[in-house]
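Chemist: Have a look at this one.
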There are 2 protein chains.
Amino acid sequence: MLADLRRPERTFTIRQLCNEFKATPRALRFYEDKGLLTPAREGLNRVYSHKDRVRLQLILRGKRVGLSLSEIRELLDLYDENDDGAAQMARSLKKFRERATALEQQREDIDGALIELRDACARLEKRLAEIRPDLLPRAADYDQVLRARLDGHQDAALGK
Amino acid sequence: MLADLRRPERTFTIRQLCNEFKATPRALRFYEDKGLLTPAREGLNRVYSHKDRVRLQLILRGKRVGLSLSEIRELLDLYDENDDGAAQMARSLKKFRERATALEQQREDIDGALIELRDACARLEKRLAEIRPDLLPRAADYDQVLRARLDGHQDAALGK
DNA sequence: GGATAAGTTGACGTTTACGTAAACGTTGAC
DNA sequence: GTCAACGTTTACGTAAACGTCAACTTATCC
């Protein structure tokens, strides 16, 4: 009768949530500071409910798509005011669409930068081929970069 | 005989370069602090040579492709040591290639975020269409975003 | 009765690329 | 003579999202 970890009354410690979502205690406390989470207390210790867990999921999802914590907070607040349930959905939708167009813009900027880069690379390669072909960094060097990229940090673009 | 602004002896004031490249004096002085520029002095005033101008161009180009100032500095230092002329080109090339793959990674991250976003949007749109179709934000709202994006800030992605 | 583990609350440190005064000097126009 | 326009230095402020101590309490294991 103490079993069934899925029942809604189940609570979580800070570390349980951290392990589940690969976050740090510091981060969760930080989100709390910022008003994104408000777990209950048991003495001093934080006690996270299912609702808190859901909010954390939303927070992390928001981060993945590049929303700032304050933007995420606004959205979460909407869900709390539940001033209808539909009005907040409409505003969330709007926010998401804005973020989408912003990301599209970022992609274009990146594409522009890539064009400049490839252009510069092409020039350098050409000159080097003429002068010192032996110095041309080739596939071998590249593998190192790719391998380095495979472990550790896949946090390049958005919230690190 | 005082004419011909193109002759290499020509020098520039800080503001001339700022106007030409849409930078601020503060920025140029900052680059100097960081060792990216070392203009001559005429009394207190900075006097930029053609070489300085080229360096500034390289700095800004580096920024556009997302290099940090310290990375840019490394590259510029290479050109100064001119320990051959070819070796530095090889290293620049390597750096550029690394940056290119990093940018490609960023693009993938953005694409991933866009997928999540579009998914969330689709859900919201569906639910809203069922419940309160009148609240669906549509093309009209979108125009505002686009118009807002057209003036002022095209600084979304990289160095702002 | 420690040692260990996990929790807590401050509070300062980090990073990047400048912005923003403050306070002052120089030059040219009127 | 004085006001504007441009230049200078020094130095603190900013934003985001935590990391990293420090110093302490509480619970548990042996």
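Letters A, B, ... mark the chains of the structure tokens in the order given; residue numbers begin at 1 per chain; ligand numbers begin at 1, in order shown.
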Could you build a table of the residues in chain B lying no more than 10 Å from chain C, giving for each the nearest pair of atoms and their separation in Å rounded to one decimal place, using only C-alpha atoms (C1' of nucleotides), ordered by chain and ascending residue number, as a Markdown table?
Modeler:
```
| residue | atom | partner | partner_atom | distance |
| --- | --- | --- | --- | --- |
| B:Thr24 | CA | C:DC18 | C1' | 9.4 |
| B:Arg26 | CA | C:DC18 | C1' | 7.2 |
| B:Ala27 | CA | C:DC18 | C1' | 6.3 |
| B:Leu28 | CA | C:DC18 | C1' | 9.9 |
| B:Arg29 | CA | C:DC18 | C1' | 10.0 |
| B:Phe30 | CA | C:DC18 | C1' | 7.4 |
| B:Tyr31 | CA | C:DA17 | C1' | 9.5 |
| B:Leu44 | CA | C:DG25 | C1' | 9.7 |
| B:Ser68 | CA | C:DT16 | C1' | 8.2 |
| B:Leu69 | CA | C:DA17 | C1' | 8.6 |
| B:Gly159 | CA | C:DA17 | C1' | 8.7 |
| B:Lys160 | CA | C:DA17 | C1' | 8.9 |
```
Chemist: Would you write out those residues with C-alpha atoms, as a PDB file, in the first residue's frame?
Modeler:
```pdb
ATOM      1  CA  THR B  24      30.794  52.656 -31.805  1.00  0.00           C
ATOM      2  CA  ARG B  26      33.367  52.347 -27.275  1.00  0.00           C
ATOM      3  CA  ALA B  27      33.637  49.163 -29.278  1.00  0.00           C
ATOM      4  CA  LEU B  28      36.891  50.157 -30.953  1.00  0.00           C
ATOM      5  CA  ARG B  29      38.424  51.157 -27.659  1.00  0.00           C
ATOM      6  CA  PHE B  30      37.229  47.886 -26.232  1.00  0.00           C
ATOM      7  CA  TYR B  31      38.920  45.963 -29.014  1.00  0.00           C
ATOM      8  CA  LEU B  44      45.974  61.517 -26.805  1.00  0.00           C
ATOM      9  CA  SER B  68      34.503  35.346 -30.026  1.00  0.00           C
ATOM     10  CA  LEU B  69      36.855  38.275 -29.643  1.00  0.00           C
ATOM     11  CA  GLY B 159      26.950  38.716 -32.182  1.00  0.00           C
ATOM     12  CA  LYS B 160      24.347  41.255 -31.374  1.00  0.00           C
TER      13      LYS B 160
END
```
Chemist: Considering only alpha helix (DSSP H) as DSSP defines it on the backbone, what residues of range 12-123 of chain A qualify? List them as a ChimeraX atom specification.
Modeler: /A:14-21,25-33,50-64,69-81,87-123
Chemist: Would you list which chain B residues are within 7 Å of chain A using only C-alpha atoms, as a list of chain:residue names?
Modeler: B:Arg64, B:Val65, B:Ala86, B:Met89, B:Ala90, B:Leu93, B:Lys94, B:Phe96, B:Ala100, B:Leu103, B:Gln105, B:Gln106, B:Arg107, B:Asp109, B:Ile110, B:Ala113, B:Leu114, B:Leu117, B:Cys121, B:Leu124, B:Leu128, B:Arg132, B:Leu135, B:Leu136, B:Pro137, B:Ala156, B:Ala157
Chemist: Output the selection as a CSV table (one decimal), in the first residue's frame - N, CA and C atoms for each residue.
Modeler:
```
chain,number,residue,atom,x,y,z
B,64,ARG,N,30.8,38.4,-37.3
B,64,ARG,CA,29.6,38.0,-38.1
B,64,ARG,C,29.5,36.5,-38.2
B,65,VAL,N,30.6,35.8,-38.2
B,65,VAL,CA,30.5,34.4,-38.3
B,65,VAL,C,30.5,33.7,-37.0
B,86,ALA,N,52.2,30.9,-44.4
B,86,ALA,CA,51.4,29.8,-44.8
B,86,ALA,C,50.8,29.0,-43.6
B,89,MET,N,47.9,30.6,-42.3
B,89,MET,CA,46.7,30.4,-43.1
B,89,MET,C,46.1,29.0,-42.8
B,90,ALA,N,47.0,28.0,-42.7
B,90,ALA,CA,46.5,26.7,-42.4
B,90,ALA,C,45.7,26.7,-41.1
B,93,LEU,N,42.4,28.4,-41.5
B,93,LEU,CA,41.5,27.5,-42.2
B,93,LEU,C,40.9,26.5,-41.2
B,94,LYS,N,41.8,26.0,-40.4
B,94,LYS,CA,41.3,25.0,-39.4
B,94,LYS,C,40.2,25.6,-38.5
B,96,PHE,N,38.3,28.1,-39.1
B,96,PHE,CA,37.1,28.4,-39.9
B,96,PHE,C,36.3,27.2,-40.0
B,100,ALA,N,32.6,26.4,-38.8
B,100,ALA,CA,31.5,26.0,-39.7
B,100,ALA,C,30.8,24.7,-39.2
B,103,LEU,N,28.6,25.8,-36.4
B,103,LEU,CA,27.4,26.5,-36.9
B,103,LEU,C,26.4,25.4,-37.4
B,105,GLN,N,26.0,22.5,-36.4
B,105,GLN,CA,25.4,21.9,-35.3
B,105,GLN,C,24.3,22.7,-34.7
B,106,GLN,N,24.6,24.0,-34.6
B,106,GLN,CA,23.6,25.0,-34.1
B,106,GLN,C,22.4,24.9,-35.0
B,107,ARG,N,22.6,24.8,-36.2
B,107,ARG,CA,21.4,24.7,-37.1
B,107,ARG,C,20.6,23.5,-36.8
B,109,ASP,N,20.4,22.0,-34.0
B,109,ASP,CA,19.7,22.2,-32.7
B,109,ASP,C,18.4,23.1,-33.0
B,110,ILE,N,18.6,24.1,-33.8
B,110,ILE,CA,17.5,25.0,-34.1
B,110,ILE,C,16.4,24.2,-34.8
B,113,ALA,N,14.5,22.2,-32.3
B,113,ALA,CA,13.6,23.1,-31.5
B,113,ALA,C,12.4,23.5,-32.3
B,114,LEU,N,12.6,23.7,-33.6
B,114,LEU,CA,11.5,24.1,-34.5
B,114,LEU,C,10.5,22.9,-34.6
B,117,LEU,N,8.5,23.0,-31.5
B,117,LEU,CA,7.6,24.1,-31.5
B,117,LEU,C,6.4,23.9,-32.4
B,121,CYS,N,2.6,23.9,-31.4
B,121,CYS,CA,1.7,24.8,-32.1
B,121,CYS,C,0.5,24.0,-32.7
B,124,LEU,N,-1.9,23.0,-30.0
B,124,LEU,CA,-2.7,24.1,-29.5
B,124,LEU,C,-3.7,24.5,-30.5
B,128,LEU,N,-7.7,24.6,-29.8
B,128,LEU,CA,-8.4,25.8,-29.9
B,128,LEU,C,-9.5,25.8,-30.9
B,132,ARG,N,-12.5,27.1,-29.0
B,132,ARG,CA,-12.7,28.6,-29.2
B,132,ARG,C,-12.0,29.0,-30.5
B,135,LEU,N,-10.6,32.4,-31.0
B,135,LEU,CA,-9.3,32.9,-30.4
B,135,LEU,C,-8.1,32.6,-31.2
B,136,LEU,N,-8.2,31.9,-32.3
B,136,LEU,CA,-7.0,31.5,-33.0
B,136,LEU,C,-6.3,32.7,-33.6
B,137,PRO,N,-5.0,32.9,-33.1
B,137,PRO,CA,-4.2,34.0,-33.7
B,137,PRO,C,-3.9,33.7,-35.1
B,156,ALA,N,19.4,39.1,-34.6
B,156,ALA,CA,18.9,38.0,-33.8
B,156,ALA,C,20.0,36.9,-33.4
B,157,ALA,N,20.7,36.4,-34.4
B,157,ALA,CA,21.3,35.1,-34.1
B,157,ALA,C,22.7,35.3,-33.4
```
Chemist: Could you list the residues in chain D lying within 12 Å of chain B, using only C-alpha atoms (C1' of nucleotides), and format the result as an mmCIF file with C-alpha atoms (C1' of nucleotides), in the first residue's frame?
Modeler:
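File part12.cif, as written:
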```
data_model
loop_
_atom_site.group_PDB
_atom_site.id
_atom_site.type_symbol
_atom_site.label_atom_id
_atom_site.label_comp_id
_atom_site.auth_asym_id
_atom_site.auth_seq_id
_atom_site.Cartn_x
_atom_site.Cartn_y
_atom_site.Cartn_z
ATOM 1 C "C1'" DA D 5 31.244 68.602 -31.163
ATOM 2 C "C1'" DC D 6 34.634 65.411 -30.744
ATOM 3 C "C1'" DG D 7 38.192 63.319 -28.225
ATOM 4 C "C1'" DT D 8 40.210 61.124 -23.836
ATOM 5 C "C1'" DT D 9 40.383 57.937 -19.250
#
```
Chemist: Assign secondary structure with DSSP using the backbone only, and return the residues of range 21-101 of chain A in strand (DSSP E) as a ChimeraX atom specification.
Modeler: /A:40-42,45-47
Chemist: Please produce a file of the residues just selected, as a short mmCIF file (atom, residue, chain, number, x, y, z; two decimals), in the first residue's frame, where the atoms kept are C-alpha atoms.
Modeler:
```
data_model
loop_
_atom_site.label_atom_id
_atom_site.label_comp_id
_atom_site.auth_asym_id
_atom_site.auth_seq_id
_atom_site.Cartn_x
_atom_site.Cartn_y
_atom_site.Cartn_z
CA ALA A 40 6.03 22.38 -0.62
CA ARG A 41 8.24 22.02 2.43
CA GLU A 42 8.70 19.30 4.95
CA ASN A 45 13.37 20.15 2.70
CA ARG A 46 11.62 20.72 -0.57
CA VAL A 47 8.86 18.34 -1.53
#
```
Chemist: Work out how far CA of Leu36 in chain A is from CA of Leu56 in chain A, in Å to one decimal.
Modeler: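 Taking CA of Leu56 in chain A as the start and CA of Leu36 in chain A as the end point, the length is 8.2 Å.
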Chemist: Would you compute the distance between CA of Pro39 in chain B and CA of Asp52 in chain B? Give it in Å to one decimal.
Modeler: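 These two atoms are separated by 6.5 Å.
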